[in-house]
Amino acid sequence: MTRSGPTLDRRGFLRIGSLGAGAVGLGILGLGAASCSSADAGDAGTPPDFIAPTDPEVAAAEQARGWNGREVPVALAAGVATVDLGGRLVDTWSYGGRAVAPELRASVRDKMLVSVRNELAVDTTLHWHGIRIRNDMDGAAPVTQDPIAPAGEFVYDFVVPDPGTHWYHSHSGLQADRGLFGALVVEDPDDRSGADVDVVLVLDDWIDGLDTTPEAVLAALNPAMTGGHGGHGGGTVVEHSAEQMSVAETLVSGGHGSSVPLGGMTQHIGYPMHLINGRPPNDPEVVTAAPGSRVRLRIVNAAAETPYRFAVAGHELTVIAADGFDVTPTTTDTLIIGMAQRYDVLVTVKSGAWPVVAKVEGRDGHASTVLRSTDAVPLPNPDVGPVIPELDGRLLAESALRPAESVKLDPRPVDRDYRVELIQAGDRYVWGMAGPDAGKLVMRQGERVRITMANTTTMWHPMHTHGHTFAVPDYGGLRRDTVNVLPGTELAIEFDADNPGEWMFHCHNAYHFEAGMTANLRYIR
């Protein structure tokens, strides 16, 4: 197949520069943000006619979502803040001055009007993860919008068509590995879960301000990458000191873990702190409910690089939703949550004060809070540590979940069938997507698309599609927007091309993404 030469932005140049010998061949195979050329995207002999984020097809798709007439205005400002992490004050970047952004709630078919003011010294954007959003509001610079420049402002204006637990985060460089993320819950007016209490738990790994920065960590992982180069609209280089680099190198050298359920190595970074709702274990945000009540825990893994094993002491979990989609209710003691994934679980509260633990899968470290009944006294020491029996109890595999009948994709033939390889460049910290299809993931509106991902690396990858949710055929059609692909395995996803525009498709390990594991999905007329 004939291909035109790749057009490289600064991120592409840095990525290929880090590969050394053979870089051009890997780049053309689709490493990183593969761009479609006329030779590989159109039908035979026909140049492609791509649908851009501002084209009328995008506006028509938004109109079809059926706005209910209600608006939800929100004002956010991305800026520098000093946050209290259990008594330790650290400087970071935040929406609203905390280590986690404000929780947002809307109802199905509400219109979100979110004004984002950039008070940082670098460009930024905001991505609405899990929402079948209009393409020009997706917040993935430079694909769907220009980044928001310092002192600039942008209003995200979109209808939320589907209920569920979602989240929002910066999509610029490594900014989401600071405090630039929060939960977005789209409430279902026809909710039949039977929950008496509804609580969001946002899990996060924290590194910023603890004597280093995310950019220093990236430079420690791959010295050829400057760190903070603005690969996804970040804009300005973020400097790091020799001391920050020394700490980062220590965290990277001691970060490797191993997990049988995840197929081997779990991560590269030994994060020094883990949070639930922006609070460390010694200063938890306690969940309080009446004994006998049913609490719906909406669990969001907003971590940059950490999978968590989640459990509630003394209680079993009934999983009722994954990534916002209902599943056949399934009971378990514990489950593993990959980065960007969400699970909704029901817990029937027993009298007492009960540890709620998110333990780092495969290595030391944990986040925790407390579930306390209204008739119980507070725990004298809220940080109970990472060991509760339920973490070693029944483990619910992602592959064992099944979708509720109401959310299954209708069976139909596949119109386009693609295959991509998830790759690492030798033993260097350079990740990507390869194979002849990686640079030509195109579709027409109304088609059914299958993408088979072959993970050739020794690590697992939480793979995420923007603007679309998919079914996993091997998991009985389980609906998700982020699925874990284990090392040495293949996994297919299928989705309907019902949201025109140009969309990112990438690994949601923030450092794998920044180091190249991303491609684009593009609509053609």
# chains A, B, ... in the order shown; residues from 1 in each chain; ligands from 1
call {"tool": "residues_around", "arguments": {"residues": "range 488-503 of chain A", "least_positions_apart": "5", "cutoff": "7 Å", "atoms": "only C-alpha atoms", "output": "number ranges by chain"}}
result
A: 51-53, 57-58, 61, 135, 143, 443-457, 466-467, 469-473, 520-523
call {"tool": "select_by_dssp", "arguments": {"residues": "range 195-316 of chain A", "states": "strand (DSSP E or B)", "output": "PDB file with all heavy atoms, in the first residue's frame"}}
result
ATOM      1  N   VAL A 197     -29.229   5.941  49.202  1.00  0.00           N
ATOM      2  CA  VAL A 197     -28.170   6.955  49.272  1.00  0.00           C
ATOM      3  C   VAL A 197     -27.295   6.795  48.032  1.00  0.00           C
ATOM      4  O   VAL A 197     -27.009   5.671  47.610  1.00  0.00           O
ATOM      5  CB  VAL A 197     -27.327   6.784  50.555  1.00  0.00           C
ATOM      6  CG1 VAL A 197     -26.243   7.859  50.626  1.00  0.00           C
ATOM      7  CG2 VAL A 197     -28.210   6.832  51.794  1.00  0.00           C
ATOM      8  N   ASP A 198     -26.866   7.929  47.466  1.00  0.00           N
ATOM      9  CA  ASP A 198     -26.059   7.923  46.243  1.00  0.00           C
ATOM     10  C   ASP A 198     -24.769   8.680  46.526  1.00  0.00           C
ATOM     11  O   ASP A 198     -24.799   9.876  46.824  1.00  0.00           O
ATOM     12  CB  ASP A 198     -26.852   8.590  45.113  1.00  0.00           C
ATOM     13  CG  ASP A 198     -26.207   8.421  43.754  1.00  0.00           C
ATOM     14  OD1 ASP A 198     -25.004   8.701  43.622  1.00  0.00           O
ATOM     15  OD2 ASP A 198     -26.915   8.024  42.811  1.00  0.00           O
ATOM     16  N   VAL A 199     -23.615   7.982  46.429  1.00  0.00           N
ATOM     17  CA  VAL A 199     -22.328   8.562  46.803  1.00  0.00           C
ATOM     18  C   VAL A 199     -21.303   8.294  45.701  1.00  0.00           C
ATOM     19  O   VAL A 199     -21.228   7.176  45.179  1.00  0.00           O
ATOM     20  CB  VAL A 199     -21.817   7.964  48.133  1.00  0.00           C
ATOM     21  CG1 VAL A 199     -20.431   8.507  48.478  1.00  0.00           C
ATOM     22  CG2 VAL A 199     -22.799   8.263  49.255  1.00  0.00           C
ATOM     23  N   VAL A 200     -20.508   9.299  45.361  1.00  0.00           N
ATOM     24  CA  VAL A 200     -19.423   9.150  44.398  1.00  0.00           C
ATOM     25  C   VAL A 200     -18.103   9.005  45.142  1.00  0.00           C
ATOM     26  O   VAL A 200     -17.810   9.772  46.073  1.00  0.00           O
ATOM     27  CB  VAL A 200     -19.353  10.357  43.447  1.00  0.00           C
ATOM     28  CG1 VAL A 200     -18.143  10.240  42.520  1.00  0.00           C
ATOM     29  CG2 VAL A 200     -20.634  10.478  42.629  1.00  0.00           C
ATOM     30  N   LEU A 201     -17.300   8.033  44.736  1.00  0.00           N
ATOM     31  CA  LEU A 201     -15.955   7.837  45.268  1.00  0.00           C
ATOM     32  C   LEU A 201     -14.967   7.942  44.107  1.00  0.00           C
ATOM     33  O   LEU A 201     -14.947   7.075  43.229  1.00  0.00           O
ATOM     34  CB  LEU A 201     -15.802   6.475  45.945  1.00  0.00           C
ATOM     35  CG  LEU A 201     -16.722   6.173  47.136  1.00  0.00           C
ATOM     36  CD1 LEU A 201     -16.438   4.776  47.670  1.00  0.00           C
ATOM     37  CD2 LEU A 201     -16.562   7.216  48.239  1.00  0.00           C
ATOM     38  N   VAL A 202     -14.183   9.007  44.092  1.00  0.00           N
ATOM     39  CA  VAL A 202     -13.192   9.219  43.032  1.00  0.00           C
ATOM     40  C   VAL A 202     -11.827   8.783  43.545  1.00  0.00           C
ATOM     41  O   VAL A 202     -11.298   9.355  44.512  1.00  0.00           O
ATOM     42  CB  VAL A 202     -13.155  10.695  42.595  1.00  0.00           C
ATOM     43  CG1 VAL A 202     -12.131  10.881  41.471  1.00  0.00           C
ATOM     44  CG2 VAL A 202     -14.529  11.165  42.132  1.00  0.00           C
ATOM     45  N   LEU A 203     -11.258   7.751  42.919  1.00  0.00           N
ATOM     46  CA  LEU A 203      -9.948   7.217  43.304  1.00  0.00           C
ATOM     47  C   LEU A 203      -8.863   7.914  42.487  1.00  0.00           C
ATOM     48  O   LEU A 203      -9.045   8.191  41.300  1.00  0.00           O
ATOM     49  CB  LEU A 203      -9.891   5.706  43.041  1.00  0.00           C
ATOM     50  CG  LEU A 203     -11.104   4.862  43.464  1.00  0.00           C
ATOM     51  CD1 LEU A 203     -10.856   3.400  43.115  1.00  0.00           C
ATOM     52  CD2 LEU A 203     -11.431   5.043  44.929  1.00  0.00           C
ATOM     53  N   ASP A 204      -7.729   8.154  43.135  1.00  0.00           N
ATOM     54  CA  ASP A 204      -6.663   8.851  42.409  1.00  0.00           C
ATOM     55  C   ASP A 204      -5.305   8.524  43.007  1.00  0.00           C
ATOM     56  O   ASP A 204      -5.164   8.371  44.228  1.00  0.00           O
ATOM     57  CB  ASP A 204      -6.885  10.365  42.461  1.00  0.00           C
ATOM     58  CG  ASP A 204      -5.831  11.128  41.666  1.00  0.00           C
ATOM     59  OD1 ASP A 204      -5.504  10.686  40.550  1.00  0.00           O
ATOM     60  OD2 ASP A 204      -5.328  12.150  42.168  1.00  0.00           O
ATOM     61  N   ASP A 205      -4.298   8.435  42.126  1.00  0.00           N
ATOM     62  CA  ASP A 205      -2.904   8.354  42.565  1.00  0.00           C
ATOM     63  C   ASP A 205      -2.312   9.765  42.522  1.00  0.00           C
ATOM     64  O   ASP A 205      -2.532  10.511  41.573  1.00  0.00           O
ATOM     65  CB  ASP A 205      -2.096   7.374  41.715  1.00  0.00           C
ATOM     66  CG  ASP A 205      -2.302   7.548  40.213  1.00  0.00           C
ATOM     67  OD1 ASP A 205      -2.855   8.588  39.774  1.00  0.00           O
ATOM     68  OD2 ASP A 205      -1.915   6.642  39.455  1.00  0.00           O
ATOM     69  N   TRP A 206      -1.560  10.137  43.548  1.00  0.00           N
ATOM     70  CA  TRP A 206      -1.100  11.529  43.653  1.00  0.00           C
ATOM     71  C   TRP A 206       0.417  11.591  43.736  1.00  0.00           C
ATOM     72  O   TRP A 206       1.056  10.872  44.503  1.00  0.00           O
ATOM     73  CB  TRP A 206      -1.696  12.197  44.892  1.00  0.00           C
ATOM     74  CG  TRP A 206      -1.476  13.689  44.849  1.00  0.00           C
ATOM     75  CD1 TRP A 206      -0.383  14.371  45.307  1.00  0.00           C
ATOM     76  CD2 TRP A 206      -2.345  14.656  44.262  1.00  0.00           C
ATOM     77  NE1 TRP A 206      -0.536  15.711  45.047  1.00  0.00           N
ATOM     78  CE2 TRP A 206      -1.727  15.912  44.412  1.00  0.00           C
ATOM     79  CE3 TRP A 206      -3.598  14.585  43.641  1.00  0.00           C
ATOM     80  CZ2 TRP A 206      -2.311  17.102  43.955  1.00  0.00           C
ATOM     81  CZ3 TRP A 206      -4.178  15.755  43.195  1.00  0.00           C
ATOM     82  CH2 TRP A 206      -3.547  16.996  43.350  1.00  0.00           C
ATOM     83  N   SER A 258       3.198  -6.493  40.118  1.00  0.00           N
ATOM     84  CA  SER A 258       2.793  -7.642  39.314  1.00  0.00           C
ATOM     85  C   SER A 258       1.442  -8.141  39.799  1.00  0.00           C
ATOM     86  O   SER A 258       1.175  -8.172  41.005  1.00  0.00           O
ATOM     87  CB  SER A 258       3.835  -8.751  39.410  1.00  0.00           C
ATOM     88  OG  SER A 258       3.455  -9.864  38.613  1.00  0.00           O
ATOM     89  N   SER A 259       0.585  -8.523  38.850  1.00  0.00           N
ATOM     90  CA  SER A 259      -0.761  -8.990  39.163  1.00  0.00           C
ATOM     91  C   SER A 259      -1.136 -10.118  38.227  1.00  0.00           C
ATOM     92  O   SER A 259      -1.045  -9.967  36.998  1.00  0.00           O
ATOM     93  CB  SER A 259      -1.760  -7.833  39.014  1.00  0.00           C
ATOM     94  OG  SER A 259      -3.084  -8.301  38.950  1.00  0.00           O
ATOM     95  N   GLY A 264       0.435  -9.689  34.571  1.00  0.00           N
ATOM     96  CA  GLY A 264       1.856  -9.403  34.729  1.00  0.00           C
ATOM     97  C   GLY A 264       2.084  -8.037  35.347  1.00  0.00           C
ATOM     98  O   GLY A 264       1.407  -7.646  36.292  1.00  0.00           O
ATOM     99  N   MET A 265       3.021  -7.299  34.771  1.00  0.00           N
ATOM    100  CA  MET A 265       3.420  -6.001  35.313  1.00  0.00           C
ATOM    101  C   MET A 265       2.237  -5.031  35.328  1.00  0.00           C
ATOM    102  O   MET A 265       1.496  -4.920  34.352  1.00  0.00           O
ATOM    103  CB  MET A 265       4.562  -5.429  34.480  1.00  0.00           C
ATOM    104  CG  MET A 265       5.071  -4.091  34.969  1.00  0.00           C
ATOM    105  SD  MET A 265       6.473  -3.546  33.967  1.00  0.00           S
ATOM    106  CE  MET A 265       6.649  -1.868  34.549  1.00  0.00           C
ATOM    107  N   MET A 273       1.220   8.557  47.261  1.00  0.00           N
ATOM    108  CA  MET A 273      -0.035   8.820  47.961  1.00  0.00           C
ATOM    109  C   MET A 273      -1.210   8.447  47.067  1.00  0.00           C
ATOM    110  O   MET A 273      -1.140   8.586  45.842  1.00  0.00           O
ATOM    111  CB  MET A 273      -0.128  10.308  48.341  1.00  0.00           C
ATOM    112  CG  MET A 273      -1.308  10.654  49.231  1.00  0.00           C
ATOM    113  SD  MET A 273      -1.288  12.400  49.769  1.00  0.00           S
ATOM    114  CE  MET A 273       0.052  12.366  50.967  1.00  0.00           C
ATOM    115  N   HIS A 274      -2.287   7.967  47.711  1.00  0.00           N
ATOM    116  CA  HIS A 274      -3.503   7.607  47.002  1.00  0.00           C
ATOM    117  C   HIS A 274      -4.690   8.207  47.738  1.00  0.00           C
ATOM    118  O   HIS A 274      -4.726   8.222  48.979  1.00  0.00           O
ATOM    119  CB  HIS A 274      -3.621   6.083  46.879  1.00  0.00           C
ATOM    120  CG  HIS A 274      -2.466   5.474  46.153  1.00  0.00           C
ATOM    121  ND1 HIS A 274      -2.432   5.323  44.793  1.00  0.00           N
ATOM    122  CD2 HIS A 274      -1.270   5.017  46.612  1.00  0.00           C
ATOM    123  CE1 HIS A 274      -1.280   4.792  44.434  1.00  0.00           C
ATOM    124  NE2 HIS A 274      -0.554   4.594  45.521  1.00  0.00           N
ATOM    125  N   LEU A 275      -5.665   8.700  46.982  1.00  0.00           N
ATOM    126  CA  LEU A 275      -6.739   9.506  47.536  1.00  0.00           C
ATOM    127  C   LEU A 275      -8.108   8.959  47.152  1.00  0.00           C
ATOM    128  O   LEU A 275      -8.260   8.336  46.095  1.00  0.00           O
ATOM    129  CB  LEU A 275      -6.648  10.943  47.016  1.00  0.00           C
ATOM    130  CG  LEU A 275      -5.279  11.643  47.063  1.00  0.00           C
ATOM    131  CD1 LEU A 275      -5.375  13.014  46.407  1.00  0.00           C
ATOM    132  CD2 LEU A 275      -4.777  11.759  48.493  1.00  0.00           C
ATOM    133  N   ILE A 276      -9.088   9.226  48.014  1.00  0.00           N
ATOM    134  CA  ILE A 276     -10.494   9.047  47.669  1.00  0.00           C
ATOM    135  C   ILE A 276     -11.174  10.394  47.881  1.00  0.00           C
ATOM    136  O   ILE A 276     -11.114  10.960  48.981  1.00  0.00           O
ATOM    137  CB  ILE A 276     -11.172   7.962  48.518  1.00  0.00           C
ATOM    138  CG1 ILE A 276     -10.579   6.584  48.199  1.00  0.00           C
ATOM    139  CG2 ILE A 276     -12.685   7.942  48.261  1.00  0.00           C
ATOM    140  CD1 ILE A 276     -11.208   5.444  48.990  1.00  0.00           C
ATOM    141  N   ARG A 279      -8.888  13.047  49.315  1.00  0.00           N
ATOM    142  CA  ARG A 279      -8.462  12.943  50.715  1.00  0.00           C
ATOM    143  C   ARG A 279      -7.643  11.670  50.914  1.00  0.00           C
ATOM    144  O   ARG A 279      -8.037  10.583  50.469  1.00  0.00           O
ATOM    145  CB  ARG A 279      -9.679  12.921  51.652  1.00  0.00           C
ATOM    146  CG  ARG A 279     -10.674  14.041  51.420  1.00  0.00           C
ATOM    147  CD  ARG A 279     -10.349  15.269  52.226  1.00  0.00           C
ATOM    148  NE  ARG A 279     -10.718  15.092  53.618  1.00  0.00           N
ATOM    149  CZ  ARG A 279     -11.926  15.409  54.107  1.00  0.00           C
ATOM    150  NH1 ARG A 279     -12.885  15.879  53.323  1.00  0.00           N
ATOM    151  NH2 ARG A 279     -12.174  15.240  55.404  1.00  0.00           N
ATOM    152  N   VAL A 287     -18.382   8.279  54.633  1.00  0.00           N
ATOM    153  CA  VAL A 287     -19.717   8.046  54.069  1.00  0.00           C
ATOM    154  C   VAL A 287     -20.619   7.585  55.215  1.00  0.00           C
ATOM    155  O   VAL A 287     -20.324   6.583  55.878  1.00  0.00           O
ATOM    156  CB  VAL A 287     -19.670   6.976  52.961  1.00  0.00           C
ATOM    157  CG1 VAL A 287     -21.077   6.699  52.433  1.00  0.00           C
ATOM    158  CG2 VAL A 287     -18.729   7.414  51.841  1.00  0.00           C
ATOM    159  N   THR A 288     -21.699   8.313  55.448  1.00  0.00           N
ATOM    160  CA  THR A 288     -22.601   7.990  56.551  1.00  0.00           C
ATOM    161  C   THR A 288     -23.979   7.641  56.019  1.00  0.00           C
ATOM    162  O   THR A 288     -24.513   8.339  55.151  1.00  0.00           O
ATOM    163  CB  THR A 288     -22.713   9.176  57.523  1.00  0.00           C
ATOM    164  OG1 THR A 288     -21.400   9.531  57.980  1.00  0.00           O
ATOM    165  CG2 THR A 288     -23.574   8.820  58.720  1.00  0.00           C
ATOM    166  N   ALA A 289     -24.555   6.542  56.542  1.00  0.00           N
ATOM    167  CA  ALA A 289     -25.889   6.111  56.104  1.00  0.00           C
ATOM    168  C   ALA A 289     -26.545   5.320  57.233  1.00  0.00           C
ATOM    169  O   ALA A 289     -25.861   4.776  58.112  1.00  0.00           O
ATOM    170  CB  ALA A 289     -25.792   5.256  54.841  1.00  0.00           C
ATOM    171  N   ARG A 294     -29.605   1.046  51.589  1.00  0.00           N
ATOM    172  CA  ARG A 294     -28.838   0.604  50.415  1.00  0.00           C
ATOM    173  C   ARG A 294     -28.102   1.818  49.830  1.00  0.00           C
ATOM    174  O   ARG A 294     -28.727   2.784  49.405  1.00  0.00           O
ATOM    175  CB  ARG A 294     -29.756  -0.018  49.374  1.00  0.00           C
ATOM    176  CG  ARG A 294     -30.300  -1.388  49.800  1.00  0.00           C
ATOM    177  CD  ARG A 294     -31.526  -1.789  49.002  1.00  0.00           C
ATOM    178  NE  ARG A 294     -31.275  -1.937  47.578  1.00  0.00           N
ATOM    179  CZ  ARG A 294     -30.815  -3.055  47.002  1.00  0.00           C
ATOM    180  NH1 ARG A 294     -30.558  -4.118  47.745  1.00  0.00           N
ATOM    181  NH2 ARG A 294     -30.648  -3.126  45.703  1.00  0.00           N
ATOM    182  N   VAL A 295     -26.778   1.726  49.844  1.00  0.00           N
ATOM    183  CA  VAL A 295     -25.946   2.816  49.354  1.00  0.00           C
ATOM    184  C   VAL A 295     -25.434   2.466  47.964  1.00  0.00           C
ATOM    185  O   VAL A 295     -24.894   1.370  47.753  1.00  0.00           O
ATOM    186  CB  VAL A 295     -24.762   3.084  50.298  1.00  0.00           C
ATOM    187  CG1 VAL A 295     -23.847   4.158  49.731  1.00  0.00           C
ATOM    188  CG2 VAL A 295     -25.267   3.497  51.669  1.00  0.00           C
ATOM    189  N   ARG A 296     -25.629   3.368  47.043  1.00  0.00           N
ATOM    190  CA  ARG A 296     -25.051   3.217  45.704  1.00  0.00           C
ATOM    191  C   ARG A 296     -23.710   3.947  45.697  1.00  0.00           C
ATOM    192  O   ARG A 296     -23.656   5.167  45.857  1.00  0.00           O
ATOM    193  CB  ARG A 296     -25.971   3.816  44.649  1.00  0.00           C
ATOM    194  CG  ARG A 296     -25.416   3.703  43.227  1.00  0.00           C
ATOM    195  CD  ARG A 296     -26.425   4.258  42.229  1.00  0.00           C
ATOM    196  NE  ARG A 296     -26.053   3.984  40.843  1.00  0.00           N
ATOM    197  CZ  ARG A 296     -26.921   3.861  39.841  1.00  0.00           C
ATOM    198  NH1 ARG A 296     -28.223   4.007  40.082  1.00  0.00           N
ATOM    199  NH2 ARG A 296     -26.516   3.611  38.622  1.00  0.00           N
ATOM    200  N   LEU A 297     -22.641   3.191  45.566  1.00  0.00           N
ATOM    201  CA  LEU A 297     -21.300   3.756  45.449  1.00  0.00           C
ATOM    202  C   LEU A 297     -20.940   3.842  43.973  1.00  0.00           C
ATOM    203  O   LEU A 297     -20.873   2.820  43.284  1.00  0.00           O
ATOM    204  CB  LEU A 297     -20.281   2.897  46.194  1.00  0.00           C
ATOM    205  CG  LEU A 297     -20.492   2.719  47.703  1.00  0.00           C
ATOM    206  CD1 LEU A 297     -19.430   1.780  48.268  1.00  0.00           C
ATOM    207  CD2 LEU A 297     -20.458   4.054  48.420  1.00  0.00           C
ATOM    208  N   ARG A 298     -20.735   5.051  43.510  1.00  0.00           N
ATOM    209  CA  ARG A 298     -20.298   5.273  42.121  1.00  0.00           C
ATOM    210  C   ARG A 298     -18.778   5.456  42.170  1.00  0.00           C
ATOM    211  O   ARG A 298     -18.283   6.515  42.577  1.00  0.00           O
ATOM    212  CB  ARG A 298     -20.975   6.506  41.544  1.00  0.00           C
ATOM    213  CG  ARG A 298     -22.497   6.424  41.482  1.00  0.00           C
ATOM    214  CD  ARG A 298     -23.075   7.736  40.961  1.00  0.00           C
ATOM    215  NE  ARG A 298     -24.527   7.759  40.910  1.00  0.00           N
ATOM    216  CZ  ARG A 298     -25.259   7.455  39.838  1.00  0.00           C
ATOM    217  NH1 ARG A 298     -24.645   7.089  38.715  1.00  0.00           N
ATOM    218  NH2 ARG A 298     -26.571   7.520  39.871  1.00  0.00           N
ATOM    219  N   ILE A 299     -18.035   4.441  41.739  1.00  0.00           N
ATOM    220  CA  ILE A 299     -16.579   4.423  41.890  1.00  0.00           C
ATOM    221  C   ILE A 299     -15.930   4.821  40.570  1.00  0.00           C
ATOM    222  O   ILE A 299     -16.170   4.187  39.536  1.00  0.00           O
ATOM    223  CB  ILE A 299     -16.093   3.032  42.316  1.00  0.00           C
ATOM    224  CG1 ILE A 299     -16.925   2.509  43.506  1.00  0.00           C
ATOM    225  CG2 ILE A 299     -14.618   3.069  42.691  1.00  0.00           C
ATOM    226  CD1 ILE A 299     -16.864   1.009  43.655  1.00  0.00           C
ATOM    227  N   VAL A 300     -15.133   5.867  40.615  1.00  0.00           N
ATOM    228  CA  VAL A 300     -14.436   6.383  39.439  1.00  0.00           C
ATOM    229  C   VAL A 300     -12.937   6.227  39.665  1.00  0.00           C
ATOM    230  O   VAL A 300     -12.410   6.747  40.655  1.00  0.00           O
ATOM    231  CB  VAL A 300     -14.754   7.869  39.207  1.00  0.00           C
ATOM    232  CG1 VAL A 300     -14.020   8.398  37.977  1.00  0.00           C
ATOM    233  CG2 VAL A 300     -16.254   8.111  39.099  1.00  0.00           C
ATOM    234  N   ASN A 301     -12.247   5.522  38.778  1.00  0.00           N
ATOM    235  CA  ASN A 301     -10.784   5.472  38.870  1.00  0.00           C
ATOM    236  C   ASN A 301     -10.212   6.584  37.998  1.00  0.00           C
ATOM    237  O   ASN A 301     -10.100   6.450  36.784  1.00  0.00           O
ATOM    238  CB  ASN A 301     -10.225   4.119  38.437  1.00  0.00           C
ATOM    239  CG  ASN A 301      -8.715   4.047  38.666  1.00  0.00           C
ATOM    240  OD1 ASN A 301      -8.074   5.042  39.004  1.00  0.00           O
ATOM    241  ND2 ASN A 301      -8.137   2.873  38.474  1.00  0.00           N
ATOM    242  N   TYR A 308      -6.762  -0.259  40.842  1.00  0.00           N
ATOM    243  CA  TYR A 308      -7.107  -0.474  42.245  1.00  0.00           C
ATOM    244  C   TYR A 308      -7.989  -1.704  42.411  1.00  0.00           C
ATOM    245  O   TYR A 308      -8.864  -1.976  41.583  1.00  0.00           O
ATOM    246  CB  TYR A 308      -7.858   0.733  42.809  1.00  0.00           C
ATOM    247  CG  TYR A 308      -7.018   1.983  42.931  1.00  0.00           C
ATOM    248  CD1 TYR A 308      -7.130   3.005  41.988  1.00  0.00           C
ATOM    249  CD2 TYR A 308      -6.119   2.140  43.979  1.00  0.00           C
ATOM    250  CE1 TYR A 308      -6.365   4.159  42.099  1.00  0.00           C
ATOM    251  CE2 TYR A 308      -5.347   3.292  44.098  1.00  0.00           C
ATOM    252  CZ  TYR A 308      -5.470   4.296  43.153  1.00  0.00           C
ATOM    253  OH  TYR A 308      -4.706   5.436  43.257  1.00  0.00           O
ATOM    254  N   ARG A 309      -7.767  -2.409  43.524  1.00  0.00           N
ATOM    255  CA  ARG A 309      -8.651  -3.491  43.950  1.00  0.00           C
ATOM    256  C   ARG A 309      -9.518  -2.920  45.069  1.00  0.00           C
ATOM    257  O   ARG A 309      -9.012  -2.521  46.109  1.00  0.00           O
ATOM    258  CB  ARG A 309      -7.854  -4.699  44.427  1.00  0.00           C
ATOM    259  CG  ARG A 309      -8.728  -5.899  44.790  1.00  0.00           C
ATOM    260  CD  ARG A 309      -7.886  -7.084  45.242  1.00  0.00           C
ATOM    261  NE  ARG A 309      -7.104  -7.650  44.155  1.00  0.00           N
ATOM    262  CZ  ARG A 309      -7.042  -8.952  43.882  1.00  0.00           C
ATOM    263  NH1 ARG A 309      -7.752  -9.820  44.606  1.00  0.00           N
ATOM    264  NH2 ARG A 309      -6.289  -9.396  42.903  1.00  0.00           N
ATOM    265  N   PHE A 310     -10.831  -2.913  44.852  1.00  0.00           N
ATOM    266  CA  PHE A 310     -11.756  -2.190  45.723  1.00  0.00           C
ATOM    267  C   PHE A 310     -12.595  -3.156  46.539  1.00  0.00           C
ATOM    268  O   PHE A 310     -13.072  -4.181  46.023  1.00  0.00           O
ATOM    269  CB  PHE A 310     -12.672  -1.312  44.872  1.00  0.00           C
ATOM    270  CG  PHE A 310     -13.674  -0.521  45.673  1.00  0.00           C
ATOM    271  CD1 PHE A 310     -13.358   0.733  46.166  1.00  0.00           C
ATOM    272  CD2 PHE A 310     -14.945  -1.030  45.933  1.00  0.00           C
ATOM    273  CE1 PHE A 310     -14.278   1.456  46.908  1.00  0.00           C
ATOM    274  CE2 PHE A 310     -15.872  -0.325  46.668  1.00  0.00           C
ATOM    275  CZ  PHE A 310     -15.532   0.933  47.168  1.00  0.00           C
ATOM    276  N   ALA A 311     -12.819  -2.825  47.825  1.00  0.00           N
ATOM    277  CA  ALA A 311     -13.678  -3.640  48.685  1.00  0.00           C
ATOM    278  C   ALA A 311     -14.149  -2.804  49.863  1.00  0.00           C
ATOM    279  O   ALA A 311     -13.540  -1.787  50.222  1.00  0.00           O
ATOM    280  CB  ALA A 311     -12.945  -4.886  49.171  1.00  0.00           C
ATOM    281  N   VAL A 312     -15.245  -3.254  50.477  1.00  0.00           N
ATOM    282  CA  VAL A 312     -15.785  -2.655  51.695  1.00  0.00           C
ATOM    283  C   VAL A 312     -15.772  -3.725  52.781  1.00  0.00           C
ATOM    284  O   VAL A 312     -16.379  -4.795  52.610  1.00  0.00           O
ATOM    285  CB  VAL A 312     -17.218  -2.129  51.485  1.00  0.00           C
ATOM    286  CG1 VAL A 312     -17.765  -1.523  52.786  1.00  0.00           C
ATOM    287  CG2 VAL A 312     -17.251  -1.091  50.356  1.00  0.00           C
TER     288      VAL A 312
END
call {"tool": "residues_around", "arguments": {"residues": "Tyr168 in chain A", "least_positions_apart": "5", "cutoff": "6 Å", "atoms": "only C-alpha atoms", "output": "list in words"}}
result
His127, Trp128, His129, Phe181 and Gly182 of chain A
call {"tool": "closest_residue", "arguments": {"among": "A:Glu187, A:Asp211, A:Pro147, A:Val74", "to": "Leu89 in chain A", "atoms": "only C-alpha atoms"}}
result
A:Asp211
call {"tool": "residues_around", "arguments": {"residues": "Gly270 in chain A", "least_positions_apart": "6", "cutoff": "10 Å", "atoms": "only C-alpha atoms", "output": "JSON, numbers by chain"}}
result
{"A": [205, 207, 248, 250, 251, 252, 253, 254, 255, 256, 257, 305, 306, 360, 363, 364, 365]}
call {"tool": "closest_residue", "arguments": {"among": "A:Met245, A:Thr458, A:Thr328, A:Asp84", "to": "Gly426 in chain A", "atoms": "only C-alpha atoms"}}
result
A:Thr458
call {"tool": "select_by_dssp", "arguments": {"residues": "range 233-426 of chain A", "states": "alpha helix (DSSP H)", "output": "PyMOL selection string"}}
result
chain A and resi 242-253
